[in-house]
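Colleague: Just one file: structure.txt, with compact mmCIF, C-alpha atoms and all ligand atoms.
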```
# COMPACT_ATOMS: atom_id res chain seq x y z
CA MET A 60 191.15 49.32 -52.44
CA THR A 61 194.54 47.53 -52.57
CA ASP A 62 194.27 43.98 -51.33
CA ARG A 63 197.12 43.49 -48.82
CA PHE A 64 195.85 40.16 -47.54
CA GLU A 65 198.35 37.61 -46.22
CA ALA A 66 197.20 34.18 -45.02
CA HIS A 67 198.20 33.06 -41.51
CA ASP A 68 198.66 29.33 -41.05
CA TYR A 69 199.11 28.94 -37.31
CA TYR A 70 198.89 25.15 -37.16
CA LEU A 71 200.77 24.54 -40.43
CA MET A 72 197.63 23.29 -42.14
CA ASP A 73 199.28 23.73 -45.53
CA GLU A 74 201.35 20.63 -44.76
CA LEU A 75 198.13 18.63 -44.92
CA LEU A 76 197.35 19.85 -48.43
CA THR A 77 198.54 18.37 -51.72
CA GLU A 78 200.54 20.46 -54.19
CA GLU A 79 197.50 20.48 -56.52
CA GLN A 80 195.19 21.73 -53.76
CA LYS A 81 197.59 24.56 -52.93
CA LEU A 82 197.98 25.43 -56.61
CA PHE A 83 194.21 25.76 -57.12
CA ARG A 84 193.89 27.89 -53.99
CA ASP A 85 196.85 30.13 -54.75
CA SER A 86 195.90 30.69 -58.40
CA LEU A 87 192.38 31.67 -57.41
CA ARG A 88 193.70 33.91 -54.64
CA ALA A 89 196.01 35.73 -57.05
CA TRP A 90 193.23 36.29 -59.61
CA LEU A 91 190.80 37.51 -56.93
CA LYS A 92 193.39 39.95 -55.59
CA LYS A 93 194.06 41.32 -59.05
CA ASP A 94 190.59 41.41 -60.62
CA VAL A 95 187.94 41.19 -57.91
CA SER A 96 189.17 42.84 -54.68
CA PRO A 97 189.75 46.22 -56.39
CA ILE A 98 186.13 46.44 -57.63
CA ILE A 99 184.08 44.61 -55.00
CA GLU A 100 183.51 47.48 -52.60
CA ASP A 101 182.11 49.67 -55.38
CA TYR A 102 179.71 46.93 -56.51
CA TYR A 103 178.72 46.29 -52.91
CA GLU A 104 177.90 49.96 -52.38
CA ARG A 105 175.85 50.04 -55.58
CA ALA A 106 174.13 46.74 -54.66
CA ALA A 107 175.16 45.17 -57.96
CA PHE A 108 176.84 41.91 -58.92
CA PRO A 109 180.07 42.25 -60.95
CA SER A 110 178.94 40.01 -63.79
CA GLN A 111 182.22 40.52 -65.67
CA ILE A 112 183.85 38.08 -63.19
CA ILE A 113 181.56 35.19 -64.23
CA PRO A 114 183.89 33.77 -66.95
CA GLY A 115 186.82 33.96 -64.50
CA LEU A 116 184.87 32.06 -61.85
CA GLY A 117 184.25 29.38 -64.48
CA GLU A 118 187.92 29.24 -65.50
CA TYR A 119 189.16 28.86 -61.91
CA GLY A 120 186.81 25.90 -61.30
CA CYS A 121 184.40 27.78 -59.03
CA PHE A 122 181.30 26.54 -60.89
CA GLY A 123 180.94 22.84 -60.10
CA PRO A 124 184.40 22.21 -58.61
CA TYR A 125 183.61 18.57 -57.80
CA ILE A 126 181.33 17.88 -60.80
CA PRO A 127 183.04 15.35 -63.14
CA THR A 128 184.98 16.80 -66.06
CA GLU A 129 182.80 14.88 -68.57
CA TYR A 130 180.04 17.37 -67.70
CA GLY A 131 182.35 20.39 -67.76
CA GLY A 132 183.02 20.46 -63.99
CA ALA A 133 186.54 20.71 -62.55
CA GLY A 134 186.51 17.14 -61.13
CA LEU A 135 188.18 18.29 -57.90
CA ASP A 136 188.13 16.74 -54.43
CA GLN A 137 186.11 18.10 -51.50
CA ILE A 138 189.07 19.80 -49.79
CA THR A 139 189.86 21.77 -52.96
CA TYR A 140 186.18 22.70 -53.25
CA GLY A 141 186.38 23.99 -49.67
CA LEU A 142 189.57 25.95 -50.32
CA LEU A 143 187.99 27.65 -53.34
CA MET A 144 185.00 28.69 -51.21
CA GLN A 145 187.37 30.02 -48.53
CA GLU A 146 189.19 32.18 -51.08
CA LEU A 147 185.98 33.52 -52.60
CA GLU A 148 184.47 34.48 -49.26
CA ARG A 149 187.76 35.97 -48.14
CA VAL A 150 186.93 38.60 -50.77
CA ASP A 151 183.15 38.73 -50.39
CA SER A 152 180.38 36.40 -49.18
CA GLY A 153 178.25 37.46 -52.15
CA VAL A 154 180.86 36.20 -54.62
CA ARG A 155 181.06 32.90 -52.71
CA SER A 156 177.25 32.71 -52.66
CA THR A 157 177.11 32.92 -56.45
CA SER A 158 179.57 30.07 -56.73
CA SER A 159 177.84 28.01 -54.00
CA VAL A 160 174.40 28.35 -55.56
CA GLN A 161 175.64 27.53 -59.05
CA SER A 162 177.72 24.56 -57.86
CA SER A 163 175.83 22.93 -55.01
CA LEU A 164 172.25 24.06 -55.48
CA VAL A 165 171.97 23.95 -59.27
CA MET A 166 174.69 21.75 -60.79
CA TYR A 167 174.67 19.24 -57.92
CA PRO A 168 170.94 18.32 -58.17
CA ILE A 169 171.10 18.17 -61.98
CA TRP A 170 174.17 15.94 -61.76
CA LYS A 171 172.79 13.72 -58.96
CA TYR A 172 169.11 13.56 -59.86
CA GLY A 173 168.89 14.73 -63.49
CA SER A 174 168.43 12.68 -66.67
CA GLU A 175 171.38 12.29 -69.05
CA GLU A 176 169.71 14.79 -71.41
CA GLN A 177 169.34 17.35 -68.59
CA LYS A 178 173.00 16.89 -67.61
CA GLN A 179 174.20 17.36 -71.19
CA LYS A 180 171.96 20.36 -71.77
CA PHE A 181 172.73 22.32 -68.61
CA LEU A 182 175.93 21.25 -66.84
CA PRO A 183 178.61 22.29 -69.38
CA LYS A 184 177.06 25.76 -69.78
CA LEU A 185 176.66 26.19 -66.03
CA ALA A 186 180.32 25.17 -65.55
CA THR A 187 181.61 27.98 -67.77
CA GLY A 188 179.11 30.54 -66.52
CA GLU A 189 177.41 30.81 -69.92
CA PHE A 190 174.28 29.84 -67.97
CA ILE A 191 173.50 31.13 -64.48
CA GLY A 192 171.26 29.06 -62.24
CA CYS A 193 169.25 29.58 -59.08
CA PHE A 194 167.61 27.37 -56.45
CA GLY A 195 164.04 27.98 -55.33
CA LEU A 196 163.13 26.39 -52.02
CA THR A 197 162.20 29.22 -49.63
CA GLU A 198 158.71 30.73 -49.91
CA PRO A 199 157.28 33.93 -48.42
CA ASP A 200 155.54 31.90 -45.67
CA HIS A 201 157.89 28.91 -45.45
CA GLY A 202 161.56 29.47 -44.57
CA SER A 203 162.93 27.16 -41.88
CA ASP A 204 160.02 24.80 -42.58
CA PRO A 205 160.30 24.19 -46.35
CA GLY A 206 158.34 20.93 -46.09
CA SER A 207 155.18 23.05 -45.71
CA MET A 208 155.72 24.72 -49.10
CA VAL A 209 152.65 25.50 -51.18
CA THR A 210 154.21 25.85 -54.66
CA ASN A 211 152.70 23.01 -56.66
CA PHE A 212 152.38 21.41 -60.07
CA LYS A 213 149.60 19.46 -61.76
CA ASP A 214 149.99 16.75 -64.38
CA MET A 215 148.18 18.02 -67.48
CA GLY A 216 148.97 14.97 -69.64
CA ASP A 217 151.62 16.37 -71.99
CA HIS A 218 153.07 18.98 -69.55
CA TYR A 219 153.01 20.14 -65.93
CA LEU A 220 151.25 23.31 -64.77
CA LEU A 221 153.29 25.11 -62.09
CA ASN A 222 151.87 27.67 -59.64
CA GLY A 223 153.26 29.42 -56.57
CA ALA A 224 156.05 31.76 -55.50
CA LYS A 225 159.54 31.60 -54.03
CA MET A 226 161.32 34.39 -52.17
CA TRP A 227 164.90 35.26 -51.18
CA ILE A 228 166.33 33.46 -54.21
CA SER A 229 170.00 34.24 -54.90
CA ASN A 230 170.63 35.15 -58.56
CA SER A 231 167.01 34.61 -59.63
CA PRO A 232 166.78 37.85 -61.68
CA ILE A 233 169.80 36.85 -63.82
CA ALA A 234 169.18 33.11 -63.94
CA ASP A 235 168.77 31.13 -67.15
CA VAL A 236 167.50 28.11 -65.24
CA ALA A 237 165.86 27.70 -61.83
CA VAL A 238 165.84 24.44 -59.88
CA VAL A 239 162.40 24.78 -58.29
CA TRP A 240 161.10 22.56 -55.51
CA ALA A 241 157.33 22.04 -55.72
CA LYS A 242 154.68 19.55 -54.64
CA ASN A 243 152.76 17.28 -56.98
CA GLU A 244 149.06 16.51 -56.52
CA ALA A 245 149.93 13.83 -53.95
CA GLY A 246 151.92 16.39 -51.91
CA ARG A 247 155.31 14.88 -52.82
CA ILE A 248 158.20 17.34 -53.35
CA HIS A 249 160.00 17.20 -56.72
CA GLY A 250 162.66 19.31 -58.41
CA ILE A 251 161.62 20.98 -61.69
CA LEU A 252 163.86 22.91 -64.08
CA VAL A 253 162.14 26.16 -64.98
CA GLU A 254 163.79 28.04 -67.83
CA LYS A 255 163.97 31.77 -68.45
CA GLY A 256 161.33 32.92 -70.91
CA MET A 257 158.69 30.30 -70.02
CA GLU A 258 155.28 31.95 -70.17
CA GLY A 259 153.93 32.98 -66.76
CA PHE A 260 157.39 32.84 -65.11
CA THR A 261 158.92 36.05 -63.71
CA ALA A 262 161.86 36.69 -61.35
CA PRO A 263 161.73 40.25 -59.98
CA GLU A 264 164.69 41.57 -58.02
CA MET A 265 164.36 42.27 -54.28
CA HIS A 266 165.78 45.58 -53.10
CA GLY A 267 166.76 47.15 -49.79
CA LYS A 268 169.28 44.56 -48.51
CA HIS A 269 171.86 45.90 -46.05
CA SER A 270 173.77 42.64 -46.37
CA LEU A 271 175.15 40.55 -49.25
CA ARG A 272 174.74 43.57 -51.48
CA ALA A 273 177.14 42.30 -54.17
CA SER A 274 174.81 39.33 -54.76
CA ILE A 275 171.49 39.71 -56.56
CA THR A 276 168.46 38.33 -54.72
CA GLY A 277 164.96 37.99 -56.11
CA GLU A 278 161.65 36.19 -56.22
CA LEU A 279 160.36 33.44 -58.48
CA ILE A 280 156.72 33.77 -59.47
CA PHE A 281 154.87 30.99 -61.29
CA ASP A 282 151.49 31.84 -62.76
CA ASN A 283 150.21 28.78 -64.63
CA VAL A 284 153.67 28.04 -66.08
CA LYS A 285 153.57 25.17 -68.61
CA VAL A 286 156.70 23.11 -67.88
CA PRO A 287 157.66 20.29 -70.28
CA LYS A 288 157.60 16.89 -68.62
CA GLU A 289 161.26 16.27 -69.48
CA ASN A 290 162.16 19.14 -67.07
CA LEU A 291 161.27 17.12 -63.95
CA LEU A 292 164.36 15.80 -62.11
CA PRO A 293 163.68 12.05 -62.27
CA GLY A 294 166.30 10.75 -59.81
CA ARG A 295 164.90 11.65 -56.41
CA SER A 296 161.81 13.12 -54.72
CA GLY A 297 160.84 14.14 -51.19
CA LEU A 298 162.31 16.81 -48.90
CA GLY A 299 165.57 14.82 -48.72
CA ALA A 300 166.36 15.85 -52.30
CA PRO A 301 166.70 19.62 -51.68
CA LEU A 302 168.21 18.96 -48.24
CA SER A 303 171.02 16.90 -49.80
CA CYS A 304 171.90 19.91 -51.99
CA LEU A 305 171.97 22.06 -48.86
CA ASP A 306 174.46 19.64 -47.27
CA SER A 307 176.87 20.29 -50.11
CA ALA A 308 176.36 24.06 -50.02
CA ARG A 309 176.61 24.28 -46.22
CA TYR A 310 179.89 22.39 -46.33
CA GLY A 311 181.17 25.10 -48.69
CA ILE A 312 179.85 27.82 -46.38
CA ALA A 313 181.77 26.31 -43.46
CA TRP A 314 184.98 26.87 -45.45
CA GLY A 315 183.83 30.21 -46.81
CA ALA A 316 183.23 31.68 -43.36
CA ILE A 317 186.84 30.89 -42.48
CA GLY A 318 187.84 33.06 -45.44
CA SER A 319 185.91 36.07 -44.09
CA ALA A 320 187.43 35.52 -40.65
CA MET A 321 190.97 35.24 -42.09
CA ASP A 322 190.52 38.53 -43.92
CA CYS A 323 189.23 40.31 -40.80
CA TYR A 324 192.02 38.89 -38.65
CA ASP A 325 194.78 39.82 -41.10
CA SER A 326 193.41 43.33 -41.46
CA ALA A 327 193.11 43.75 -37.66
CA LEU A 328 196.63 42.42 -37.05
CA LYS A 329 198.15 44.80 -39.60
CA TYR A 330 196.13 47.76 -38.31
CA ALA A 331 197.04 47.01 -34.69
CA LYS A 332 200.75 47.03 -35.52
CA GLU A 333 200.53 50.24 -37.56
CA ARG A 334 198.14 52.36 -35.50
CA ILE A 335 199.89 54.42 -32.82
CA GLN A 336 198.05 55.62 -29.70
CA PHE A 337 199.58 56.74 -26.39
CA GLY A 338 202.93 56.70 -28.24
CA LYS A 339 202.85 52.97 -29.02
CA PRO A 340 201.29 50.60 -31.58
CA ILE A 341 197.89 49.56 -30.24
CA ALA A 342 199.09 45.94 -30.72
CA SER A 343 201.20 46.44 -27.60
CA PHE A 344 198.13 46.76 -25.35
CA GLN A 345 196.96 43.60 -23.61
CA LEU A 346 193.30 44.09 -24.51
CA ILE A 347 194.14 44.27 -28.22
CA GLN A 348 196.38 41.20 -27.92
CA LYS A 349 193.54 39.32 -26.24
CA LYS A 350 191.29 40.02 -29.22
CA LEU A 351 193.95 38.98 -31.75
CA ALA A 352 194.95 35.85 -29.80
CA GLU A 353 191.33 34.74 -29.52
CA MET A 354 190.78 35.39 -33.22
CA VAL A 355 193.67 33.23 -34.37
CA THR A 356 192.68 30.51 -31.89
CA GLU A 357 189.11 30.37 -33.18
CA ILE A 358 190.20 30.42 -36.84
CA THR A 359 192.62 27.56 -36.18
CA LYS A 360 189.93 25.48 -34.43
CA ALA A 361 187.55 26.09 -37.34
CA GLN A 362 190.23 25.13 -39.88
CA LEU A 363 190.84 21.82 -38.12
CA LEU A 364 187.12 21.05 -37.79
CA THR A 365 186.52 21.83 -41.44
CA PHE A 366 189.54 19.99 -42.79
CA ARG A 367 188.42 16.81 -41.01
CA LEU A 368 184.88 17.33 -42.30
CA GLY A 369 186.35 17.58 -45.81
CA GLN A 370 188.12 14.25 -45.39
CA LEU A 371 184.87 12.65 -44.20
CA ARG A 372 182.97 14.19 -47.10
CA GLU A 373 185.54 12.94 -49.58
CA GLU A 374 185.03 9.43 -48.15
CA GLY A 375 181.24 9.88 -48.35
CA ARG A 376 180.95 9.62 -44.55
CA ALA A 377 180.11 13.19 -43.46
CA THR A 378 176.66 13.36 -41.88
CA THR A 379 174.15 16.20 -42.21
CA ALA A 380 174.57 16.87 -38.49
CA GLN A 381 178.36 17.12 -38.79
CA ILE A 382 177.94 19.62 -41.63
CA SER A 383 175.41 21.60 -39.56
CA MET A 384 177.88 21.83 -36.69
CA ALA A 385 180.63 23.20 -38.93
CA LYS A 386 178.36 25.70 -40.73
CA ARG A 387 176.96 26.98 -37.44
CA ASN A 388 180.27 27.14 -35.62
CA ASN A 389 182.25 28.75 -38.41
CA VAL A 390 179.74 31.43 -39.38
CA ASP A 391 179.26 32.41 -35.75
CA MET A 392 183.04 32.44 -35.29
CA ALA A 393 183.51 34.65 -38.37
CA LEU A 394 180.80 37.08 -37.29
CA LYS A 395 182.34 37.46 -33.82
CA ILE A 396 185.78 37.99 -35.36
CA ALA A 397 184.38 40.60 -37.76
CA ARG A 398 182.90 42.50 -34.79
CA GLU A 399 186.16 42.34 -32.82
CA ALA A 400 188.19 43.35 -35.89
CA ARG A 401 185.83 46.28 -36.39
CA GLN A 402 186.61 47.45 -32.87
CA ILE A 403 190.36 47.16 -33.39
CA HIS A 404 190.03 49.42 -36.45
CA GLY A 405 188.26 52.06 -34.38
CA ALA A 406 186.30 54.52 -36.51
CA MET A 407 188.17 53.41 -39.63
CA GLY A 408 186.49 50.04 -39.19
CA ILE A 409 183.13 51.37 -40.30
CA THR A 410 184.46 52.75 -43.59
CA SER A 411 184.75 51.18 -47.01
CA GLU A 412 188.55 51.56 -46.84
CA TYR A 413 188.55 48.22 -45.03
CA SER A 414 186.56 45.08 -45.81
CA ILE A 415 185.51 44.51 -42.17
CA MET A 416 182.10 46.16 -42.13
CA ARG A 417 181.18 44.53 -45.44
CA HIS A 418 182.16 41.09 -44.10
CA MET A 419 180.21 41.74 -40.91
CA ALA A 420 177.06 42.77 -42.77
CA ASN A 421 177.42 39.86 -45.23
CA LEU A 422 177.76 37.33 -42.44
CA GLU A 423 174.38 38.42 -41.06
CA SER A 424 172.88 36.80 -44.18
CA VAL A 425 175.16 33.79 -44.03
CA ILE A 426 174.17 33.07 -40.43
CA THR A 427 170.50 32.99 -41.52
CA TYR A 428 170.49 31.35 -44.95
CA GLU A 429 170.95 27.64 -45.58
CA GLY A 430 169.49 26.95 -42.15
CA THR A 431 169.56 29.52 -39.38
CA HIS A 432 172.02 29.46 -36.49
CA ASP A 433 169.32 28.11 -34.16
CA ILE A 434 168.00 25.52 -36.60
CA HIS A 435 171.52 24.07 -36.91
CA LEU A 436 171.73 23.93 -33.13
CA LEU A 437 168.48 21.95 -33.11
CA ILE A 438 169.94 19.57 -35.73
CA THR A 439 172.89 18.88 -33.40
CA GLY A 440 170.45 18.55 -30.49
CA MET A 441 168.38 16.04 -32.43
CA ASP A 442 171.48 14.12 -33.44
CA VAL A 443 172.79 13.71 -29.90
CA THR A 444 169.45 13.08 -28.15
CA GLY A 445 167.51 11.32 -30.89
CA ILE A 446 164.61 13.71 -30.16
CA GLN A 447 163.37 16.22 -32.77
CA ALA A 448 162.65 19.64 -31.20
CA PHE A 449 161.63 21.61 -34.30
CA SER A 450 157.87 21.26 -34.05
C1 LIG A 501 170.60 36.99 -48.85
C2 LIG A 501 169.81 35.72 -48.80
C3 LIG A 501 169.88 34.82 -49.87
C4 LIG A 501 169.10 33.65 -49.86
N1 LIG A 501 169.16 32.79 -50.93
C5 LIG A 501 168.29 31.72 -51.00
C6 LIG A 501 168.24 30.89 -52.17
O1 LIG A 501 169.02 31.06 -53.12
N2 LIG A 501 167.30 29.92 -52.22
C7 LIG A 501 166.42 29.68 -51.21
O2 LIG A 501 165.60 28.78 -51.32
N3 LIG A 501 166.46 30.45 -50.06
C8 LIG A 501 167.37 31.45 -49.94
N4 LIG A 501 167.40 32.26 -48.81
C9 LIG A 501 166.42 32.03 -47.76
C10 LIG A 501 166.98 31.43 -46.49
O3 LIG A 501 167.37 30.11 -46.69
C11 LIG A 501 165.93 31.62 -45.38
O4 LIG A 501 165.92 33.00 -45.06
C12 LIG A 501 166.22 30.77 -44.15
O5 LIG A 501 165.97 29.42 -44.42
C13 LIG A 501 165.36 31.20 -42.93
O6 LIG A 501 164.03 31.33 -43.29
P1 LIG A 501 163.24 32.67 -42.89
O7 LIG A 501 164.06 33.84 -43.27
O8 LIG A 501 161.87 32.55 -43.47
O9 LIG A 501 163.17 32.66 -41.31
P2 LIG A 501 162.10 31.89 -40.38
O10 LIG A 501 162.06 30.44 -40.76
O11 LIG A 501 160.82 32.64 -40.40
O12 LIG A 501 162.79 32.03 -38.97
C14 LIG A 501 162.73 33.22 -38.18
C15 LIG A 501 163.40 32.94 -36.84
O13 LIG A 501 162.69 31.90 -36.17
C16 LIG A 501 163.58 30.86 -35.81
N5 LIG A 501 162.88 29.56 -35.89
C17 LIG A 501 162.15 29.07 -36.92
N6 LIG A 501 161.68 27.85 -36.63
C18 LIG A 501 162.15 27.54 -35.39
C19 LIG A 501 162.04 26.42 -34.52
N7 LIG A 501 161.36 25.31 -34.89
N8 LIG A 501 162.64 26.47 -33.32
C20 LIG A 501 163.35 27.55 -32.95
N9 LIG A 501 163.51 28.66 -33.71
C21 LIG A 501 162.93 28.65 -34.92
C22 LIG A 501 164.73 30.94 -36.80
O14 LIG A 501 165.92 30.36 -36.26
C23 LIG A 501 164.85 32.45 -36.98
O15 LIG A 501 165.62 32.98 -35.95
C24 LIG A 501 168.24 33.39 -48.77
C25 LIG A 501 168.21 34.29 -47.69
C26 LIG A 501 168.98 35.44 -47.69
C27 LIG A 501 168.93 36.38 -46.53
```
Can the structure from this file be put into structure tokens for me?
Modeller:
Amino acid sequence: MTDRFEAHDYYLMDELLTEEQKLFRDSLRAWLKKDVSPIIEDYYERAAFPSQIIPGLGEYGCFGPYIPTEYGGAGLDQITYGLLMQELERVDSGVRSTSSVQSSLVMYPIWKYGSEEQKQKFLPKLATGEFIGCFGLTEPDHGSDPGSMVTNFKDMGDHYLLNGAKMWISNSPIADVAVVWAKNEAGRIHGILVEKGMEGFTAPEMHGKHSLRASITGELIFDNVKVPKENLLPGRSGLGAPLSCLDSARYGIAWGAIGSAMDCYDSALKYAKERIQFGKPIASFQLIQKKLAEMVTEITKAQLLTFRLGQLREEGRATTAQISMAKRNNVDMALKIAREARQIHGAMGITSEYSIMRHMANLESVITYEGTHDIHLLITGMDVTGIQAFS
């Protein structure tokens, strides 16, 4: 599939970006067009991750964009991090997911809450992609309510003994290290680094996904796993620790969803101008123009919301609720645009000749993971009323 994507910048957002930010975005876009777009559909159909792109993702700063350079990260600002996520998801949500998990759910907690030894051991290798990481929070019986998790560890004197299971874990079957959230004997949640090859630890792949097929998803099973004590993240405990990682990842998702929407809009605009029915391009019909006009309006609103959120995040002022609003709004916006774009493409819209159906199916995962659409609504509701309506 030739990647004909052109970005549309209706409100001249590029004028708000620095030259460096544009350079990072444009270099990544060019590499993705050349090396990833042509192969992604095939990998998606085969439900496989194109692991040959891992070194490239490392080189373009997509593993730990904002992690300091002393630990191998790219040392970039939050807007650049967002732009990288936008470009990745413009190609495929599964590619963005791999980068999000590695950056915000694995490198971020090690950087924020890890010991110096843990940072030195894991971060540089995660930054290049030599190591792949995964993040185990969700359990078979505990999704939106991770605080009720049952995975647990006992202090055995010279090591911890870990038992339990995690499900729906992105990249678990290929991961070298898993950041696992588990309860100690007092019921307090801690992060533990579980390494590939530890006895009693397995990570079987989950099959049968109709969404996010170019990303590998699996389980994490712990059967009396002996974990060295130095693998506990010492810097923070409690549910707030994993939730802070989710803030960083959800911020990236808010940008990523704009990428999917931009791709669907550009494809629909081109198709509408080229496709002739009743002797005219379908773009000349009012109902098609309504769809296109609404698409570009919603993308522009999402870009403005997310850019401001990036500024707040860079200043350390973005709240969890503000991030929830952007994740929820942008993923919903992208999913609606994918559906409208699919209609504009007529029957062609369901084929693998266009990226639309893949984006649409991918976004069905994105709207559920990292907090469902409704849970994010409840977070906004709680923020504005001061009343928690989850339980
Ligand atoms: C492809 C994919 C990759 C994933 N990767 C990871 C990963 O790497 N690591 C990880 O830890 N997890 C991962 N997840 C899991 C994901 O975060 C969970 O699926 C998500 O948190 C929702 O949990 P659940 O699926 O168990 O749904 P449930 O929590 O069972 O929710 C089902 C429905 O009930 C609604 N609901 C639940 N509680 C309430 C309430 N109080 N009020 C109103 N409605 C409610 C939800 O909104 C939803 O509509 C992944 C999921 C997918 C699909």
Colleague: With ligand LIG 501 (chain A) as the partner and 9 Å as the cut-off, tabulate the residues of chain A that qualify, each row holding the nearest pair of atoms and their distance in Å to one decimal, using all atoms listed in the file, sorted by chain and rising number, as a tab-separated table.
Modeller:
```
residue	atom	partner	partner_atom	distance
A:Gly153	CA	A:LIG501	C1	8.3
A:Ser156	CA	A:LIG501	C3	8.2
A:Thr157	CA	A:LIG501	O1	8.9
A:Val160	CA	A:LIG501	O1	6.5
A:Leu164	CA	A:LIG501	O1	8.1
A:Cys193	CA	A:LIG501	O1	6.1
A:Phe194	CA	A:LIG501	N2	4.9
A:Gly195	CA	A:LIG501	O2	4.4
A:Leu196	CA	A:LIG501	O2	3.5
A:Thr197	CA	A:LIG501	O2	3.8
A:Glu198	CA	A:LIG501	O2	7.3
A:Pro199	CA	A:LIG501	O8	6.9
A:Asp200	CA	A:LIG501	O8	6.7
A:His201	CA	A:LIG501	O8	5.7
A:Gly202	CA	A:LIG501	O8	3.3
A:Ser203	CA	A:LIG501	O10	3.6
A:Asp204	CA	A:LIG501	O10	6.3
A:Pro205	CA	A:LIG501	O5	8.0
A:Lys225	CA	A:LIG501	O2	7.2
A:Met226	CA	A:LIG501	N3	6.8
A:Trp227	CA	A:LIG501	C24	4.5
A:Ile228	CA	A:LIG501	O1	3.8
A:Ser229	CA	A:LIG501	O1	3.8
A:Asn230	CA	A:LIG501	O1	7.0
A:Ser231	CA	A:LIG501	O1	7.7
A:Val239	CA	A:LIG501	O2	8.6
A:Trp240	CA	A:LIG501	O2	8.7
A:Lys268	CA	A:LIG501	C1	7.7
A:Ser270	CA	A:LIG501	C1	6.9
A:Leu271	CA	A:LIG501	C1	5.8
A:Arg272	CA	A:LIG501	C1	8.2
A:Ser274	CA	A:LIG501	C1	7.6
A:Ile275	CA	A:LIG501	C1	8.2
A:Thr276	CA	A:LIG501	C3	6.2
A:Gly277	CA	A:LIG501	N1	8.5
A:Asn421	CA	A:LIG501	C1	8.2
A:Glu423	CA	A:LIG501	C27	8.0
A:Ser424	CA	A:LIG501	C27	4.6
A:Val425	CA	A:LIG501	C27	7.2
A:Ile426	CA	A:LIG501	C27	8.7
A:Thr427	CA	A:LIG501	C12	5.5
A:Tyr428	CA	A:LIG501	O3	3.8
A:Glu429	CA	A:LIG501	O3	4.5
A:Gly430	CA	A:LIG501	O5	4.9
A:Thr431	CA	A:LIG501	O14	4.9
A:His432	CA	A:LIG501	O14	6.2
A:Asp433	CA	A:LIG501	O14	4.6
A:Ile434	CA	A:LIG501	O14	5.3
A:His435	CA	A:LIG501	O14	8.4
A:Leu437	CA	A:LIG501	N8	7.4
A:Ala448	CA	A:LIG501	N7	6.9
A:Phe449	CA	A:LIG501	N7	3.8
A:Ser450	CA	A:LIG501	N7	5.4
```
Colleague: Produce a file of the selected residues containing C-alpha atoms, as a short mmCIF file (atom, residue, chain, number, x, y, z; two decimals), in the coordinates of the input.
Modeller:
```cif
data_model
loop_
_atom_site.label_atom_id
_atom_site.label_comp_id
_atom_site.auth_asym_id
_atom_site.auth_seq_id
_atom_site.Cartn_x
_atom_site.Cartn_y
_atom_site.Cartn_z
CA GLY A 153 178.25 37.46 -52.15
CA SER A 156 177.25 32.71 -52.66
CA THR A 157 177.11 32.92 -56.45
CA VAL A 160 174.40 28.35 -55.56
CA LEU A 164 172.25 24.06 -55.48
CA CYS A 193 169.25 29.58 -59.08
CA PHE A 194 167.61 27.37 -56.45
CA GLY A 195 164.04 27.98 -55.33
CA LEU A 196 163.13 26.39 -52.02
CA THR A 197 162.20 29.22 -49.63
CA GLU A 198 158.71 30.73 -49.91
CA PRO A 199 157.28 33.93 -48.42
CA ASP A 200 155.54 31.90 -45.67
CA HIS A 201 157.89 28.91 -45.45
CA GLY A 202 161.56 29.47 -44.57
CA SER A 203 162.93 27.16 -41.88
CA ASP A 204 160.02 24.80 -42.58
CA PRO A 205 160.30 24.19 -46.35
CA LYS A 225 159.54 31.60 -54.03
CA MET A 226 161.32 34.39 -52.17
CA TRP A 227 164.90 35.26 -51.18
CA ILE A 228 166.33 33.46 -54.21
CA SER A 229 170.00 34.24 -54.90
CA ASN A 230 170.63 35.15 -58.56
CA SER A 231 167.01 34.61 -59.63
CA VAL A 239 162.40 24.78 -58.29
CA TRP A 240 161.10 22.56 -55.51
CA LYS A 268 169.28 44.56 -48.51
CA SER A 270 173.77 42.64 -46.37
CA LEU A 271 175.15 40.55 -49.25
CA ARG A 272 174.74 43.57 -51.48
CA SER A 274 174.81 39.33 -54.76
CA ILE A 275 171.49 39.71 -56.56
CA THR A 276 168.46 38.33 -54.72
CA GLY A 277 164.96 37.99 -56.11
CA ASN A 421 177.42 39.86 -45.23
CA GLU A 423 174.38 38.42 -41.06
CA SER A 424 172.88 36.80 -44.18
CA VAL A 425 175.16 33.79 -44.03
CA ILE A 426 174.17 33.07 -40.43
CA THR A 427 170.50 32.99 -41.52
CA TYR A 428 170.49 31.35 -44.95
CA GLU A 429 170.95 27.64 -45.58
CA GLY A 430 169.49 26.95 -42.15
CA THR A 431 169.56 29.52 -39.38
CA HIS A 432 172.02 29.46 -36.49
CA ASP A 433 169.32 28.11 -34.16
CA ILE A 434 168.00 25.52 -36.60
CA HIS A 435 171.52 24.07 -36.91
CA LEU A 437 168.48 21.95 -33.11
CA ALA A 448 162.65 19.64 -31.20
CA PHE A 449 161.63 21.61 -34.30
CA SER A 450 157.87 21.26 -34.05
#
```
Colleague: Of the residues A:Val154, A:Ile347, A:Ala331, A:Leu135, which is the one nearest to Pro109 of chain A, using all atoms listed in the file?
Modeller: A:Val154
Colleague: Fewer than 6 positions away in the same chain doesn't count, so skip those; otherwise give me all residues within 7 Å of segment 366-373 of chain A, counting all atoms listed in the file, as a compact mmCIF listing (two decimals) with C-alpha atoms, in the coordinates of the input.
Modeller:
```
# COMPACT_ATOMS: atom_id res chain seq x y z
CA ASP A 136 188.13 16.74 -54.43
CA GLN A 137 186.11 18.10 -51.50
CA ILE A 138 189.07 19.80 -49.79
```
